[in-house]
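Okay, structure first, notes after.
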Amino acid sequence: MSKISSSTVPVVLIRPRSGWQLIDFQSLKAYRDLFLLLVLRDIKVLYAQTIMGFAWAILQPLIQIAIFSVIFGKVAQVSTDGIPYLLFSTVAILPWTYISQTVAQSSESLVRDQNMLGKIYFPRLIFPLTPVLAKLVDFGISMLILLVVLVVYRVPPSWNLLFFPVFVLAMMALSAGAGLWLSAMAIRYRDVKHAMPFVIRMLVYSAPIVYSASSISEPYRSFYALNPLVGIIEGFRSCLLGTPMPWADVMPGLLISLLLLVSGALYFQRMEKIFVDVI
Amino acid sequence: MDLNKNAIVVKGLGKCYRIGQKEQISESLAGSLVHFIRSPLHNYRKYRSLYQFSAADKQQDTGAEDILWALQDVSFVIPRGEVVGVIGRNGAGKSTLLKIISRITDPTSGYAEIRGRVSSLLEVGTGFHPELTGRENVYLNGTILGMTRKEVQSKFDEIVDFSGVEKFIDTPAKRYSSGMKVRLAFSVAAHLEPEILIIDEVLAVGDAEFQQKCLGKMQNVSESGRTVLFVSHNMGAINQLCSTSLLLEAGRLVAQGESRGIVEQYLESIFHLSEDLDLRNTTQRSGDGRLRFTAAYLQSASGKRCLMPIAGEPLEIVLEYESQQILPRVKFLLTIFNHMGVAVTHCTVDCAGQTFMVEPGAGRTICRIDRLPVPLGEYKVSIVAVDDWGELDSIPTACVFRVETSHFFRHQFIPPMRYSTALVDHSWTNEALNSHFDRVERKMAMGETGALAG
């Protein structure tokens, strides 16, 4: 489907598509108002008819932090390179909460809105990308926890904080990439829906969230760093706590996140044309 | 400039689907176990292959068995500003055509060139979210249908006015009645101003009053010089709104032209598909058999058979019969029953003070109704022939028909079924009663009666 702009009216040529398509940024731009409104919808609807409202954005990670601090910090006494456990887990759980929730929502976005999918045209990319932006609100609110913890432990801001936006972007890229892959797969194979909750629970232990990356010894360490979650979580930790930036973990993480985003977008575009037919 | 004259150019458009393959069923326990173990692989192949077509599959006539061509080699051109009806039976490919033109699904072959901004209304209220307020839903739905936020903003008051839900505009949509939801959704849709509008059967929504409003709005749209593609089963609406029509049959375009002719062709094709009730051999009858009905059918004023007469138009009910002897004073009677089994009307030659003389052999009698006065629905006709000696023949269900379209009242307004079994010609007048003079006079009149009563 290509768009050729003529002098007055837009002309759209509809014909069978095959193979790989480049991302059609033009039509994404044309539908930016809709994208924005869908993001707002997700934000408004999420805590509708709840007593706690946006407090849930704080409560959820808070409870997880508390549980992890008790089990892994106090009971199991996991090594944290000398960082107080509460501090150690807080900086990791906040991005992890964002990533896990965004990927879960994004992966089911097409199936959830299949009714819209079959009735109206707009760039399908909007569906999985909506949670990536909408969930930033939760992430922002949950930053309050971090602020309190940092103040309580009197952690001074360091120059590493300059990298913070980089890791936020990487976190979004990773979530978007995974969301694009999974949503495009989920509409063809509903297995994704059944696997997601379980896989996400497993993934917590694949990244240095409850334990320190330094506890993984060298021959395995390079493989370990191929998991983009490792680089991103370690990066957040270093930014916020001012510990030295572990570039050997971070660089592969950033690269793989980017790769996942680009490949996800390409795969999504390739599959896009059959979405409606397989609902 | 010449190129811009056409809004839609469609060439060789085709769409095929692979309909589900047969499931294997194993009979033995061991067989089921093997099947169960192998099923993930089997399923994977199945779901993977669903939308992959080989070159051989695309050979339109020789393709594999499980391939269904929902649309095949459709070509047409729609000039800018034309309002075009798309008609055809269920499964003829109407919806598939609209889905391809509105970019919802990709064609398998051919192409369509669309010149201008398209809004498609394949359903009202797409994307309505129950937790959002009416206001938020108007914005969301408007942008989903292709408006920008600014456009929605500039039309917001109009939209809300038209819907008649002003009071509840800041209430979450889940508290709306279903009628309110539909009205709000439709008024968003009604205020779209694209160059090309694609509509599928949206007129069937809302209460009668609102339907009236919508038809008016549609009329405006069709007069405003926009290109409209309109799918409907309401042949009256097609005739009234669309200058030309496309007729689809089993995925192919069979005719394109002026709506009136196309609609007639369509109604005729429907007739050919359903068989007459065979009255010669039916056992569901009584009477002494001196006369036997052989056929009963409907025809339009022009003498064409029809199964779907239009309310408000002339209709002839034809009864064919055979008789063994001369019957000097025969009366024919027929009763039209609606789907509830209520007798809507009874027509007899008695009403005209007539009796007929029947010769031996075949003959027919025609009952003509000048303006068919029934609301939309399904009807059956029972027929009886009697003479002075008794009942000759009587068949409780001699023919059935369906009314899908009404011209009985102007603007095609159709009273809802639950309030009417028959349509009645009527007119209204209205006058003011509260002029000063009237009031004085009425007071005096009241005073007088009061005094009398006192």
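Residue numbering restarts at 1 in every chain; chains get A, B, ... in the order shown in the structure tokens, and ligands count up from 1 in that same order.
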
- Task: Identify, with DSSP run on backbone atoms, the residues in range 172-342 of chain B assigned to helix (DSSP H, G or I), and express the list as number ranges by chain.
- Result: B: 173-175, 178-190, 202-204, 208-223, 235-241, 259-273

- Task: Residues of chain A no more than 9 Å from chain B, counting only C-alpha atoms: send them over as a ChimeraX atom specification.
- Result: /A:1,8-17,30-34,37-38,41,44-45,48-49,113,115-122,188-189,273-278

How would the residues just chosen look if you wrote them out with N, CA and C atoms as a compact mmCIF listing (two decimals), in the first residue's frame?
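File again.txt, as written:
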# COMPACT_ATOMS: atom_id res chain seq x y z
N MET A 1 0.86 -1.18 0.00
CA MET A 1 0.00 0.00 0.00
C MET A 1 0.90 1.23 0.00
N THR A 8 -4.15 17.85 -4.96
CA THR A 8 -5.24 18.19 -4.06
C THR A 8 -5.66 17.03 -3.18
N VAL A 9 -5.96 15.90 -3.78
CA VAL A 9 -6.50 14.81 -2.99
C VAL A 9 -5.46 13.72 -2.77
N PRO A 10 -5.50 13.11 -1.58
CA PRO A 10 -4.61 11.98 -1.36
C PRO A 10 -5.07 10.79 -2.19
N VAL A 11 -4.13 10.10 -2.79
CA VAL A 11 -4.47 8.93 -3.58
C VAL A 11 -3.86 7.71 -2.92
N VAL A 12 -4.67 6.71 -2.69
CA VAL A 12 -4.17 5.49 -2.07
C VAL A 12 -4.35 4.35 -3.06
N LEU A 13 -3.28 3.60 -3.25
CA LEU A 13 -3.37 2.45 -4.12
C LEU A 13 -3.39 1.20 -3.25
N ILE A 14 -4.45 0.44 -3.36
CA ILE A 14 -4.59 -0.76 -2.55
C ILE A 14 -4.30 -1.97 -3.42
N ARG A 15 -3.28 -2.70 -3.07
CA ARG A 15 -3.00 -3.92 -3.83
C ARG A 15 -2.35 -4.95 -2.92
N PRO A 16 -2.26 -6.19 -3.38
CA PRO A 16 -1.68 -7.21 -2.50
C PRO A 16 -0.26 -6.84 -2.12
N ARG A 17 0.07 -7.04 -0.86
CA ARG A 17 1.43 -6.77 -0.41
C ARG A 17 2.13 -8.08 -0.18
N ALA A 30 -0.12 10.79 10.09
CA ALA A 30 -1.48 11.21 9.77
C ALA A 30 -2.45 10.78 10.88
N TYR A 31 -2.10 9.73 11.60
CA TYR A 31 -3.00 9.23 12.64
C TYR A 31 -2.49 9.55 14.04
N ARG A 32 -1.68 10.61 14.17
CA ARG A 32 -1.10 10.89 15.49
C ARG A 32 -2.15 11.29 16.52
N ASP A 33 -3.20 11.96 16.07
CA ASP A 33 -4.27 12.33 17.02
C ASP A 33 -4.91 11.09 17.63
N LEU A 34 -5.13 10.10 16.79
CA LEU A 34 -5.74 8.87 17.27
C LEU A 34 -4.81 8.16 18.25
N LEU A 37 -5.03 9.88 21.52
CA LEU A 37 -6.30 9.62 22.23
C LEU A 37 -6.36 8.19 22.76
N LEU A 38 -5.75 7.27 22.03
CA LEU A 38 -5.75 5.88 22.53
C LEU A 38 -4.85 5.76 23.76
N ARG A 41 -6.83 7.11 26.48
CA ARG A 41 -7.86 6.15 26.85
C ARG A 41 -7.29 5.11 27.81
N LYS A 44 -6.75 6.64 31.23
CA LYS A 44 -7.98 6.94 31.97
C LYS A 44 -8.71 5.69 32.41
N VAL A 45 -8.68 4.68 31.55
CA VAL A 45 -9.49 3.50 31.79
C VAL A 45 -8.86 2.58 32.83
N ALA A 48 -10.11 3.13 36.32
CA ALA A 48 -11.50 3.57 36.44
C ALA A 48 -12.23 2.68 37.44
N GLN A 49 -13.10 3.28 38.19
CA GLN A 49 -13.89 2.59 39.20
C GLN A 49 -13.04 1.80 40.19
N ASP A 113 -8.32 -5.73 21.00
CA ASP A 113 -9.06 -4.77 20.18
C ASP A 113 -9.41 -5.33 18.82
N ASN A 115 -12.03 -6.35 17.63
CA ASN A 115 -13.28 -5.81 17.11
C ASN A 115 -13.01 -4.57 16.26
N MET A 116 -12.13 -3.70 16.81
CA MET A 116 -11.78 -2.50 16.07
C MET A 116 -10.98 -2.84 14.81
N LEU A 117 -10.13 -3.82 14.97
CA LEU A 117 -9.25 -4.25 13.88
C LEU A 117 -10.05 -4.61 12.63
N GLY A 118 -11.18 -5.28 12.83
CA GLY A 118 -11.95 -5.76 11.70
C GLY A 118 -12.91 -4.74 11.13
N LYS A 119 -13.04 -3.59 11.81
CA LYS A 119 -14.07 -2.66 11.37
C LYS A 119 -13.53 -1.35 10.83
N ILE A 120 -12.29 -1.08 11.08
CA ILE A 120 -11.81 0.24 10.73
C ILE A 120 -10.33 0.18 10.39
N TYR A 121 -9.88 1.04 9.49
CA TYR A 121 -8.46 1.04 9.18
C TYR A 121 -7.74 2.15 9.93
N PHE A 122 -6.65 1.83 10.56
CA PHE A 122 -5.63 2.81 10.89
C PHE A 122 -4.35 2.01 11.08
N ARG A 188 -2.04 -14.75 15.63
CA ARG A 188 -2.09 -16.00 14.86
C ARG A 188 -2.13 -17.20 15.78
N TYR A 189 -1.34 -17.14 16.82
CA TYR A 189 -1.26 -18.29 17.73
C TYR A 189 -1.62 -17.80 19.13
N LYS A 273 -0.73 -7.58 7.15
CA LYS A 273 -1.75 -7.74 6.12
C LYS A 273 -2.68 -8.92 6.37
N ILE A 274 -2.25 -9.86 7.23
CA ILE A 274 -3.14 -11.00 7.44
C ILE A 274 -3.89 -10.92 8.77
N PHE A 275 -3.58 -9.88 9.57
CA PHE A 275 -4.21 -9.80 10.90
C PHE A 275 -5.72 -9.99 10.84
N VAL A 276 -6.34 -9.19 9.98
CA VAL A 276 -7.80 -9.20 9.94
C VAL A 276 -8.34 -10.57 9.54
N ASP A 277 -7.59 -11.24 8.68
CA ASP A 277 -8.08 -12.51 8.17
C ASP A 277 -7.93 -13.66 9.15
N VAL A 278 -7.10 -13.49 10.18
CA VAL A 278 -6.89 -14.60 11.10
C VAL A 278 -7.57 -14.40 12.45

- Message: So that I can see what lies close to Val192 in chain A, please list as a VMD selection string the residues with an atom at most 10 Å from it, counting only C-alpha atoms and leaving out residues fewer than 5 positions away in the same chain.
- Response: chain A and resid 104 107 to 108 182 to 187 197 199

Would you put the residues from that selection into a file with N, CA and C atoms, as a PDB file, in the first residue's frame?
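Result file again.pdb:
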ATOM      1  N   ALA A 104       3.172  -7.296  28.605  1.00  0.00           N
ATOM      2  CA  ALA A 104       1.949  -8.095  28.736  1.00  0.00           C
ATOM      3  C   ALA A 104       0.789  -7.423  28.009  1.00  0.00           C
ATOM      4  N   SER A 107       1.347  -7.223  24.123  1.00  0.00           N
ATOM      5  CA  SER A 107       1.237  -8.493  23.404  1.00  0.00           C
ATOM      6  C   SER A 107      -0.217  -8.882  23.186  1.00  0.00           C
ATOM      7  N   GLU A 108      -1.087  -8.457  24.078  1.00  0.00           N
ATOM      8  CA  GLU A 108      -2.484  -8.839  23.868  1.00  0.00           C
ATOM      9  C   GLU A 108      -3.308  -7.723  23.225  1.00  0.00           C
ATOM     10  N   LEU A 182       5.424 -10.051  19.962  1.00  0.00           N
ATOM     11  CA  LEU A 182       4.451 -10.924  20.613  1.00  0.00           C
ATOM     12  C   LEU A 182       3.024 -10.652  20.147  1.00  0.00           C
ATOM     13  N   SER A 183       2.678  -9.379  19.927  1.00  0.00           N
ATOM     14  CA  SER A 183       1.298  -9.099  19.507  1.00  0.00           C
ATOM     15  C   SER A 183       1.043  -9.682  18.121  1.00  0.00           C
ATOM     16  N   ALA A 184       2.049  -9.566  17.241  1.00  0.00           N
ATOM     17  CA  ALA A 184       1.872 -10.113  15.894  1.00  0.00           C
ATOM     18  C   ALA A 184       1.771 -11.634  15.931  1.00  0.00           C
ATOM     19  N   MET A 185       2.490 -12.242  16.890  1.00  0.00           N
ATOM     20  CA  MET A 185       2.395 -13.699  17.005  1.00  0.00           C
ATOM     21  C   MET A 185       1.091 -14.103  17.678  1.00  0.00           C
ATOM     22  N   ALA A 186       0.683 -13.310  18.671  1.00  0.00           N
ATOM     23  CA  ALA A 186      -0.486 -13.686  19.471  1.00  0.00           C
ATOM     24  C   ALA A 186      -1.758 -13.749  18.639  1.00  0.00           C
ATOM     25  N   ILE A 187      -1.843 -12.920  17.612  1.00  0.00           N
ATOM     26  CA  ILE A 187      -3.088 -12.919  16.843  1.00  0.00           C
ATOM     27  C   ILE A 187      -3.184 -14.161  15.963  1.00  0.00           C
ATOM     28  N   PRO A 197       1.902 -14.846  31.183  1.00  0.00           N
ATOM     29  CA  PRO A 197       2.007 -14.620  32.630  1.00  0.00           C
ATOM     30  C   PRO A 197       3.116 -15.469  33.239  1.00  0.00           C
ATOM     31  N   VAL A 199       5.774 -16.842  31.617  1.00  0.00           N
ATOM     32  CA  VAL A 199       7.105 -16.438  31.162  1.00  0.00           C
ATOM     33  C   VAL A 199       7.565 -15.197  31.916  1.00  0.00           C
TER      34      VAL A 199
END

- In range 178-374 of chain B, what's strand (DSSP E or B) per DSSP? Answer as a VMD selection string? chain B and resid 196 to 200 227 to 231 244 to 249 252 to 258 286 291 to 299 305 310 to 311 315 to 323 327 to 338 343 to 348 356 to 358 361 to 369

- Task: Grab the CA of Asp42 in chain A to CA of Ala55 in chain A distance for me, in Å with one decimal place.
- Result: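 About the pair CA of Asp42 in chain A and CA of Ala55 in chain A: they are 16.2 Å apart.
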
- Task: Would you list the contacts of Glu391 in chain B as JSON, numbers by chain, taking every protein, DNA or RNA residue within 7 Å and counting only C-alpha atoms, but skipping same-chain residues closer than 6 positions in sequence?
- Result: {"B": [287, 288, 385]}

- Message: My list of candidates is B:Leu333, B:Trp389, B:Arg135, B:Ala250. Which is closest to Thr171 in chain B when distances are computed with only C-alpha atoms?
- Response: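 For Thr171 in chain B, the nearest of the given residues is B:Arg135.
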
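Comparing B:Ala301, B:Val400, B:Ala296, B:Ile159 by their smallest distance to Leu279 in chain B, the closest is B:Ala296 (using only C-alpha atoms).
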
- Figure out the distance between CA of Lys174 in chain B and CA of Asp161 in chain B, please, to one decimal in Å.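 According to the coordinates, CA of Asp161 in chain B and CA of Lys174 in chain B are separated by 20.0 Å.
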
- Query: Which one of A:Arg201, A:Asp191, A:Ile65, A:Ala76 sits closest to Val111 in chain A if you count only C-alpha atoms?
  - Reply: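 Closest candidate: A:Asp191.
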